[in-house]
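Novice: One structure, pasted below without further comment.
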Amino acid sequence: MKRVLVVGASLAGLCTAEALRRNGYDGSLTLVGDEQAMPYDRPPLSKQLLSGDWAPERTALRSDEALAALEVEFRLGERARALDPVAKTVELSGGSSLPYDALVVATGARPRSLPGLRGLEGVHTLRTLGDALALRDALAKRPRVVIVGGGFVGAEVAAEARRRDLPVTLVEALPVPLSRGLGERMGEACARLHVRNGVRVLCGRAVAGFDGDTAVERVRLEDGSTIDADLVVVGIGATPAVGWLADSGIRLDDGVLCDAYCRASAPDVYAAGDVARWFHPGYGRHVRLENWTNAREQAAVVARNMLDPGSPVEYTPVPYVWSDQYGTRIQLAGRSSGDVRIVHEGEDQESLLALYRDGDRFEGALAINSARRLLDCRRLLARGADWHEALATAA
Ligand SMILES: Cc1cc2nc3c(=O)[nH]c(=O)nc-3n(C[C@H](O)[C@H](O)[C@H](O)COP(=O)(O)OP(=O)(O)OC[C@H]3O[C@@H](n4cnc5c(N)ncnc54)[C@H](O)[C@@H]3O)c2cc1C
């Protein structure tokens with residue numbers, strides 16, 4: 001392996017490159033990314049950057065010196081447009097074609113939008129540094145804010161808008177925000193945070209459309225009601241960025257479909273981060289995770305398997321995601337499937353630890369302002385502790 005090509009110059013792509021170098025790879029390494037900026041971190045976009053606590057430069061994932069030491073050729077501002085897995089080349093938007101011996105797909109995900117939004121001012125999604133700066137400027141104009149979707153990113157924007165004392169309405173199509181991911185009870189616990197902080201939460205209400213000539217003025221709901229708005233943030237999830245692979249013959253199914261070793265369906269093609277849907281041996285099914293920890297951990301396994309393809313290791317992480325809202329940290333480790341039991345609840349309802357079980361199997365833990373307890377749970381999950389041990393440790 002003399003030429004490694006990584007498409008997607010963000011967390012997963014950069015971490016793969018670093019892990020390759022750390023493990024002794026000294027061949028050529030090229031990172032192609034369609035954003036202009038050097039790799040930056042996304043979690044601060046909806047937190048410290050949006051609040052103005054951080055300048056944009058602080059989101060850089062690595063210093064210039066660290067990037068230079070990696071000896072990577074960065075092709076930034078260039079989009080991969082097609083893959084030919086037989087010729088082993090990737091075609092770029094500028095028309096050039098890059099050959100590879102091994103390829104890593106790390107193109108992440110793009111935010112979902114809603115029909116009828118194109119060109120309407122005041123409507124935002126949040127994925128890139130540019131998105132975050134535009135949203136920060138818009139918030140400074142003291143708009144009436146509507147958040148569409150009750151996921152973590154939208155929730156963090158709602159929290160920042162309330163910190164600025166702006167009127168915020170959160171519209172969620174499900175009866176309970178986050179209930180698909182966390183179950184109804186824990187979804188309600190997270191939704192309470194919004195209500196306590198003055199957000200008007202409308203659940204079980206779907207958006208029908210938006211009114212306004214050039215800029216948004218109103219959000220129309222399917223029940224016929226309307227909400228006046230100057231700023232709408234659409235936070236209804238993201239879809240894996242696989243459009244450029246459509247004609248490649250690589251198997252795609254809600255992401256790049258990979259085996260337990262993070263290998264895609266063509267020789268010497270791997271995937272890491274938000275774009276990868278791989279077979280998780282511990283869960284017995286394919287999984288795609290959109291979180292920071294997964295992008296780093298999966299990148300390390302991909303690099304390891306690229307360097308030693310004869311004895312690859314399986315990727316079996318304990319999923320972990322966090323979110324910061326209203327000065328509160330929410331953390332989820334493992335899976336939020338099966339029954340849930342609250343094992344700790346602060347009197348003020350500001351802290352909570354809930355455990356998920358499937359029979360005797362300990363599946364996951366949700367913590368609100370309970371970081372130390374969550375850490376214990378992560379350790380238990382990593383070594384496959386059963387429900388009784390989890391209960392005894394966490395209680
Ligand atoms: C606002 C926000 C807040 C978040 N907060 C948290 C948090 O608190 N906790 C947490 O665990 N996770 C959080 N996340 C999720 C976390 O940031 C992502 O899981 C992580 O960034 C995934 O990294 P990635 O490298 O796989 O994908 P990305 O970071 O999406 O990077 C993919 C890169 O590939 C580029 N690309 C796409 N297509 C092409 C192409 N065809 N050619 C070239 N380049 C291409 C993209 O432009 C992008 O630069 C947050 C995400 C966002 C957006």
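Scheme for the structure tokens: letters A, B, ... for chains in order shown; per-chain residue numbers from 1; ligand numbers from 1 in order shown.
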List all protein, DNA and RNA residues that have any atom at most 7 Å from ligand 1, counting only C-alpha atoms and all ligand atoms, and write the list as a PyMOL selection string.
Specialist: chain A and resi 7-13+32-35+41-46+78-81+106-110+126-128+153+241+244+272-275+290-295+320-324
Novice: Can you pull out the residues contacting A:Arg288? Cut-off 8 Å, using only C-alpha atoms, and skip same-chain residues under 4 positions away; I want them as a CSV table (one decimal) with N, CA and C atoms, in the first residue's frame.
Specialist:
chain,number,residue,atom,x,y,z
A,254,ASP,N,-28.6,3.4,3.5
A,254,ASP,CA,-28.5,4.4,4.6
A,254,ASP,C,-27.0,4.5,5.0
A,255,GLY,N,-26.1,4.8,4.0
A,255,GLY,CA,-24.7,4.9,4.3
A,255,GLY,C,-23.9,3.9,3.5
A,274,ASP,N,-19.7,9.3,10.3
A,274,ASP,CA,-21.2,9.4,10.1
A,274,ASP,C,-21.7,8.7,8.8
A,275,VAL,N,-20.8,8.5,7.8
A,275,VAL,CA,-21.2,7.9,6.6
A,275,VAL,C,-21.3,6.4,6.6
A,276,ALA,N,-20.6,5.8,7.6
A,276,ALA,CA,-20.4,4.3,7.5
A,276,ALA,C,-21.6,3.6,8.2
A,277,ARG,N,-22.1,2.6,7.6
A,277,ARG,CA,-23.1,1.7,8.3
A,277,ARG,C,-22.5,0.3,8.2
A,278,TRP,N,-22.0,-0.1,9.4
A,278,TRP,CA,-21.2,-1.3,9.4
A,278,TRP,C,-21.9,-2.4,10.3
Novice: List as number ranges by chain the protein and nucleic acid residues near stretch 310-315 of chain A, meaning an atom at most 8 Å away when only C-alpha atoms are counted, but skip any in the same chain fewer than 3 places from it.
Specialist: A: 260-262, 280-281, 298, 301, 304-305
Novice: Generate a file of the selected residues that holds N, CA, C and O atoms, formatted as a short mmCIF file (atom, residue, chain, number, x, y, z; two decimals), in the first residue's frame.
Specialist:
data_model
loop_
_atom_site.label_atom_id
_atom_site.label_comp_id
_atom_site.auth_asym_id
_atom_site.auth_seq_id
_atom_site.Cartn_x
_atom_site.Cartn_y
_atom_site.Cartn_z
N ALA A 260 -17.94 -6.16 9.42
CA ALA A 260 -17.55 -5.88 10.81
C ALA A 260 -16.16 -5.23 10.88
O ALA A 260 -15.78 -4.69 11.92
N TYR A 261 -15.41 -5.32 9.77
CA TYR A 261 -14.06 -4.74 9.75
C TYR A 261 -14.04 -3.36 9.09
O TYR A 261 -12.98 -2.84 8.77
N CYS A 262 -15.22 -2.81 8.85
CA CYS A 262 -15.39 -1.48 8.23
C CYS A 262 -14.94 -1.48 6.77
O CYS A 262 -14.53 -0.43 6.24
N HIS A 280 -22.24 -4.43 13.26
CA HIS A 280 -21.75 -4.42 14.64
C HIS A 280 -21.94 -5.82 15.21
O HIS A 280 -23.07 -6.23 15.47
N PRO A 281 -20.84 -6.57 15.39
CA PRO A 281 -20.99 -7.97 15.82
C PRO A 281 -21.71 -8.09 17.16
O PRO A 281 -22.46 -9.05 17.38
N GLN A 298 -13.80 4.73 15.06
CA GLN A 298 -13.89 3.93 13.84
C GLN A 298 -12.69 4.20 12.93
O GLN A 298 -12.17 3.29 12.28
N VAL A 301 -9.80 2.04 13.91
CA VAL A 301 -9.94 0.64 13.48
C VAL A 301 -9.72 0.52 11.97
O VAL A 301 -9.07 -0.41 11.49
N ARG A 304 -6.04 0.67 11.32
CA ARG A 304 -5.43 -0.60 11.76
C ARG A 304 -5.67 -1.70 10.72
O ARG A 304 -4.75 -2.45 10.36
N ASN A 305 -6.89 -1.78 10.21
CA ASN A 305 -7.23 -2.85 9.26
C ASN A 305 -6.62 -2.61 7.89
O ASN A 305 -6.32 -3.56 7.16
#
Novice: Identify all residues of stretch 173-317 of chain A in helix (DSSP H, G or I) (DSSP on the backbone) and supply them as a compact mmCIF listing (two decimals) with N, CA and C atoms, in the first residue's frame.
Specialist:
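Result file part.txt:
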# COMPACT_ATOMS: atom_id res chain seq x y z
N SER A 179 -38.15 10.57 21.35
CA SER A 179 -38.68 9.29 21.84
C SER A 179 -38.22 8.13 20.98
N ARG A 180 -37.96 8.38 19.71
CA ARG A 180 -37.49 7.28 18.86
C ARG A 180 -36.11 6.82 19.33
N GLY A 181 -35.29 7.75 19.74
CA GLY A 181 -33.94 7.40 20.17
C GLY A 181 -33.85 6.99 21.63
N LEU A 182 -34.64 7.64 22.50
CA LEU A 182 -34.46 7.44 23.94
C LEU A 182 -35.63 6.74 24.62
N GLU A 184 -40.03 7.00 25.31
CA GLU A 184 -40.90 8.13 25.67
C GLU A 184 -40.53 8.76 27.01
N ARG A 185 -40.23 7.89 27.98
CA ARG A 185 -39.99 8.44 29.33
C ARG A 185 -38.77 9.35 29.36
N MET A 186 -37.71 8.90 28.73
CA MET A 186 -36.48 9.70 28.75
C MET A 186 -36.57 10.88 27.78
N GLY A 187 -37.32 10.69 26.69
CA GLY A 187 -37.58 11.81 25.79
C GLY A 187 -38.28 12.93 26.54
N GLU A 188 -39.24 12.53 27.40
CA GLU A 188 -39.97 13.52 28.20
C GLU A 188 -39.03 14.24 29.17
N ALA A 189 -38.12 13.46 29.76
CA ALA A 189 -37.18 14.07 30.72
C ALA A 189 -36.35 15.14 30.01
N CYS A 190 -35.94 14.87 28.78
CA CYS A 190 -35.14 15.86 28.03
C CYS A 190 -36.02 17.04 27.62
N ALA A 191 -37.27 16.76 27.24
CA ALA A 191 -38.17 17.84 26.82
C ALA A 191 -38.48 18.78 27.98
N ARG A 192 -38.49 18.23 29.19
CA ARG A 192 -38.77 19.07 30.37
C ARG A 192 -37.76 20.20 30.52
N LEU A 193 -36.53 19.90 30.09
CA LEU A 193 -35.48 20.92 30.15
C LEU A 193 -35.89 22.17 29.36
N HIS A 194 -36.46 21.92 28.16
CA HIS A 194 -36.89 23.06 27.34
C HIS A 194 -38.00 23.84 28.02
N VAL A 195 -38.98 23.08 28.52
CA VAL A 195 -40.14 23.73 29.13
C VAL A 195 -39.69 24.56 30.32
N ARG A 196 -38.83 23.97 31.16
CA ARG A 196 -38.33 24.69 32.34
C ARG A 196 -37.60 25.98 31.95
N GLY A 243 -24.00 10.52 -2.29
CA GLY A 243 -24.44 10.78 -3.66
C GLY A 243 -23.34 10.50 -4.68
N TRP A 244 -22.12 10.84 -4.35
CA TRP A 244 -21.01 10.68 -5.30
C TRP A 244 -20.67 9.21 -5.57
N LEU A 245 -21.22 8.30 -4.74
CA LEU A 245 -20.92 6.87 -4.91
C LEU A 245 -22.03 6.14 -5.67
N GLY A 273 -16.92 6.96 10.29
CA GLY A 273 -17.65 8.15 10.72
C GLY A 273 -19.13 8.09 10.36
N ASP A 274 -19.73 9.27 10.27
CA ASP A 274 -21.19 9.37 10.08
C ASP A 274 -21.69 8.65 8.82
N VAL A 275 -20.81 8.48 7.84
CA VAL A 275 -21.24 7.92 6.55
C VAL A 275 -21.26 6.38 6.57
N TRP A 292 -19.41 12.08 17.57
CA TRP A 292 -18.00 12.46 17.55
C TRP A 292 -17.09 11.29 17.94
N THR A 293 -17.46 10.59 19.00
CA THR A 293 -16.63 9.50 19.51
C THR A 293 -16.51 8.38 18.48
N ASN A 294 -17.62 8.10 17.81
CA ASN A 294 -17.58 7.05 16.80
C ASN A 294 -16.64 7.41 15.65
N ALA A 295 -16.68 8.66 15.23
CA ALA A 295 -15.82 9.07 14.10
C ALA A 295 -14.35 8.80 14.45
N ARG A 296 -13.96 9.10 15.67
CA ARG A 296 -12.57 8.88 16.09
C ARG A 296 -12.25 7.40 16.23
N GLU A 297 -13.13 6.69 16.92
CA GLU A 297 -12.83 5.28 17.20
C GLU A 297 -12.85 4.42 15.94
N GLN A 298 -13.80 4.73 15.06
CA GLN A 298 -13.89 3.93 13.84
C GLN A 298 -12.69 4.20 12.93
N ALA A 299 -12.25 5.46 12.91
CA ALA A 299 -11.08 5.82 12.11
C ALA A 299 -9.87 5.00 12.54
N ALA A 300 -9.71 4.83 13.84
CA ALA A 300 -8.55 4.07 14.35
C ALA A 300 -8.61 2.62 13.88
N VAL A 301 -9.80 2.04 13.91
CA VAL A 301 -9.94 0.64 13.48
C VAL A 301 -9.72 0.52 11.97
N VAL A 302 -10.24 1.48 11.22
CA VAL A 302 -10.04 1.46 9.76
C VAL A 302 -8.54 1.52 9.45
N ALA A 303 -7.82 2.42 10.10
CA ALA A 303 -6.38 2.54 9.84
C ALA A 303 -5.67 1.23 10.19
N ARG A 304 -6.04 0.67 11.32
CA ARG A 304 -5.43 -0.60 11.76
C ARG A 304 -5.67 -1.70 10.72
N ASN A 305 -6.89 -1.78 10.21
CA ASN A 305 -7.23 -2.85 9.26
C ASN A 305 -6.62 -2.61 7.89
N MET A 306 -6.43 -1.35 7.53
CA MET A 306 -5.77 -1.06 6.24
C MET A 306 -4.32 -1.51 6.29
N LEU A 307 -3.70 -1.35 7.44
CA LEU A 307 -2.28 -1.66 7.55
C LEU A 307 -2.03 -3.16 7.72
Novice: Calculated over only C-alpha atoms, which of the candidates A:Ser337, A:Thr239, A:Gln331, A:Gln349 has the smallest distance to A:Arg372?
Specialist: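 When distances to A:Arg372 are compared using only C-alpha atoms, the smallest one comes from A:Gln331.
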Novice: What's the 10 Å shell around A:Ser265, counting only C-alpha atoms, without same-chain residues fewer than 5 positions away, as a PDB file with N, CA, C and O atoms, in the first residue's frame?
Specialist:
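Result file follows (selection29.pdb):
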ATOM      1  N   PRO A  85     -14.174   1.669  -8.636  1.00  0.00           N
ATOM      2  CA  PRO A  85     -13.461   0.741  -7.750  1.00  0.00           C
ATOM      3  C   PRO A  85     -12.643  -0.312  -8.516  1.00  0.00           C
ATOM      4  O   PRO A  85     -11.822  -0.988  -7.915  1.00  0.00           O
ATOM      5  N   GLY A 249     -21.182   1.162  -7.805  1.00  0.00           N
ATOM      6  CA  GLY A 249     -21.418  -0.253  -7.560  1.00  0.00           C
ATOM      7  C   GLY A 249     -21.187  -0.646  -6.101  1.00  0.00           C
ATOM      8  O   GLY A 249     -21.487  -1.764  -5.692  1.00  0.00           O
ATOM      9  N   ILE A 250     -20.665   0.285  -5.312  1.00  0.00           N
ATOM     10  CA  ILE A 250     -20.479   0.020  -3.880  1.00  0.00           C
ATOM     11  C   ILE A 250     -21.860  -0.122  -3.231  1.00  0.00           C
ATOM     12  O   ILE A 250     -22.762   0.643  -3.553  1.00  0.00           O
ATOM     13  N   ARG A 251     -22.001  -1.066  -2.330  1.00  0.00           N
ATOM     14  CA  ARG A 251     -23.322  -1.246  -1.698  1.00  0.00           C
ATOM     15  C   ARG A 251     -23.610  -0.102  -0.733  1.00  0.00           C
ATOM     16  O   ARG A 251     -22.816   0.193   0.166  1.00  0.00           O
ATOM     17  N   LEU A 252     -24.764   0.517  -0.986  1.00  0.00           N
ATOM     18  CA  LEU A 252     -25.195   1.648  -0.164  1.00  0.00           C
ATOM     19  C   LEU A 252     -26.557   1.310   0.426  1.00  0.00           C
ATOM     20  O   LEU A 252     -27.416   0.778  -0.269  1.00  0.00           O
ATOM     21  N   VAL A 256     -22.620   3.886   3.642  1.00  0.00           N
ATOM     22  CA  VAL A 256     -21.780   2.893   2.958  1.00  0.00           C
ATOM     23  C   VAL A 256     -21.853   1.608   3.777  1.00  0.00           C
ATOM     24  O   VAL A 256     -21.451   1.582   4.943  1.00  0.00           O
ATOM     25  N   LEU A 257     -22.394   0.569   3.153  1.00  0.00           N
ATOM     26  CA  LEU A 257     -22.592  -0.679   3.887  1.00  0.00           C
ATOM     27  C   LEU A 257     -21.251  -1.401   4.037  1.00  0.00           C
ATOM     28  O   LEU A 257     -20.576  -1.675   3.040  1.00  0.00           O
ATOM     29  N   CYS A 258     -20.874  -1.689   5.275  1.00  0.00           N
ATOM     30  CA  CYS A 258     -19.561  -2.297   5.542  1.00  0.00           C
ATOM     31  C   CYS A 258     -19.729  -3.571   6.358  1.00  0.00           C
ATOM     32  O   CYS A 258     -20.739  -3.756   7.039  1.00  0.00           O
ATOM     33  N   ASP A 259     -18.678  -4.396   6.335  1.00  0.00           N
ATOM     34  CA  ASP A 259     -18.674  -5.573   7.198  1.00  0.00           C
ATOM     35  C   ASP A 259     -18.161  -5.177   8.589  1.00  0.00           C
ATOM     36  O   ASP A 259     -17.940  -3.988   8.862  1.00  0.00           O
ATOM     37  N   TYR A 270     -12.771   1.364   2.458  1.00  0.00           N
ATOM     38  CA  TYR A 270     -13.219   1.351   3.851  1.00  0.00           C
ATOM     39  C   TYR A 270     -14.102   2.582   4.080  1.00  0.00           C
ATOM     40  O   TYR A 270     -14.073   3.530   3.292  1.00  0.00           O
TER      41      TYR A 270
END
Novice: For A:Gly359, which residue out of A:Ala17, A:Trp387, A:Leu135, A:Gln325 is the nearest one, using only C-alpha atoms?
Specialist: A:Trp387
Novice: How many Å lie between atom CA of A:Gly183 and atom CA of A:Tyr356, rounded to one decimal?
Specialist: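 Here the two named atoms are 9.8 Å from each other.
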Novice: Give the strand (DSSP E or B) residues of stretch 59-111 of chain A, as DSSP finds them on the backbone, and put them as a list of chain:residue names.
Specialist: A:Ala60, A:Glu73, A:Phe74, A:Arg75, A:Leu76, A:Ala80, A:Arg81, A:Ala82, A:Leu83, A:Asp84, A:Thr89, A:Val90, A:Glu91, A:Leu92, A:Ser97, A:Leu98, A:Pro99, A:Ala102, A:Leu103, A:Val104, A:Val105, A:Ala109, A:Arg110, A:Pro111
Novice: Generate the output file for the selected residues, C-alpha atoms, as a short mmCIF file (atom, residue, chain, number, x, y, z; two decimals), in the first residue's frame.
Specialist:
data_model
loop_
_atom_site.label_atom_id
_atom_site.label_comp_id
_atom_site.auth_asym_id
_atom_site.auth_seq_id
_atom_site.Cartn_x
_atom_site.Cartn_y
_atom_site.Cartn_z
CA ALA A 60 -9.69 23.94 14.35
CA GLU A 73 -1.59 16.43 0.84
CA PHE A 74 -4.81 18.36 1.46
CA ARG A 75 -7.06 18.88 -1.56
CA LEU A 76 -9.55 21.26 0.01
CA ALA A 80 -15.21 13.82 -5.05
CA ARG A 81 -17.71 13.22 -7.82
CA ALA A 82 -17.30 9.54 -8.74
CA LEU A 83 -15.51 6.36 -7.73
CA ASP A 84 -14.30 3.64 -10.07
CA THR A 89 -9.60 6.00 -9.02
CA VAL A 90 -11.67 8.84 -7.60
CA GLU A 91 -12.76 11.63 -9.91
CA LEU A 92 -12.83 15.15 -8.50
CA SER A 97 -8.65 11.74 -11.23
CA LEU A 98 -6.79 10.42 -8.17
CA PRO A 99 -5.51 6.83 -8.07
CA ALA A 102 -6.64 2.00 -0.46
CA LEU A 103 -9.56 4.40 -0.12
CA VAL A 104 -11.36 5.67 2.97
CA VAL A 105 -14.84 7.12 2.56
CA ALA A 109 -23.68 13.44 6.51
CA ARG A 110 -25.69 16.40 5.23
CA PRO A 111 -28.64 17.96 7.05
#
Novice: Write out as a list in words which residues come within 9 Å of A:Leu49 when counting only C-alpha atoms, dropping same-chain ones fewer than 2 positions away.
Specialist: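 Contacts, with the query itself left out: Pro44, Leu45, Ser46, Lys47, Ser51, Gly52, Asp53, Trp54, Ala55, Pro56, Arg58, Thr59, Leu129, Ala132, Leu133 and Arg136 of chain A.
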Novice: Just to be explicit: take each residue in the selection above, keep C-alpha atoms, and write the result as a PDB file, in the first residue's frame.
Specialist:
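Written out: result29.pdb:
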ATOM      1  CA  PRO A  44     -18.712  23.603  19.310  1.00  0.00           C
ATOM      2  CA  LEU A  45     -20.709  24.926  16.339  1.00  0.00           C
ATOM      3  CA  SER A  46     -23.976  24.604  18.250  1.00  0.00           C
ATOM      4  CA  LYS A  47     -22.365  25.482  21.595  1.00  0.00           C
ATOM      5  CA  SER A  51     -22.787  31.637  21.923  1.00  0.00           C
ATOM      6  CA  GLY A  52     -19.850  33.772  20.810  1.00  0.00           C
ATOM      7  CA  ASP A  53     -17.554  32.322  23.501  1.00  0.00           C
ATOM      8  CA  TRP A  54     -15.244  30.949  20.815  1.00  0.00           C
ATOM      9  CA  ALA A  55     -13.851  32.586  17.717  1.00  0.00           C
ATOM     10  CA  PRO A  56     -14.042  30.393  14.594  1.00  0.00           C
ATOM     11  CA  ARG A  58     -10.731  27.835  17.999  1.00  0.00           C
ATOM     12  CA  THR A  59     -12.765  25.104  16.334  1.00  0.00           C
ATOM     13  CA  LEU A 129     -18.810  26.470  10.221  1.00  0.00           C
ATOM     14  CA  ALA A 132     -22.993  28.329  12.429  1.00  0.00           C
ATOM     15  CA  LEU A 133     -21.666  31.814  11.709  1.00  0.00           C
ATOM     16  CA  ARG A 136     -25.034  33.371  15.105  1.00  0.00           C
TER      17      ARG A 136
END
Novice: Near stretch 200-210 of chain A, within 6 Å and counting only C-alpha atoms, which residues show up once chain neighbours fewer than 3 positions away are dropped, as a list in words?
Specialist: Thr169, Leu170, Val171, Glu172, Ala173, Leu174, Pro175, Arg218, Val219, Arg220, Leu221 and Glu222 of chain A
Novice: Which of these residues is nearest to A:Gly24, using only C-alpha atoms: A:Ala161, A:Asp308, A:Arg378, A:Asp360?
Specialist: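 Going through A:Ala161, A:Asp308, A:Arg378, A:Asp360 one by one, the smallest distance to A:Gly24 is for A:Asp308.
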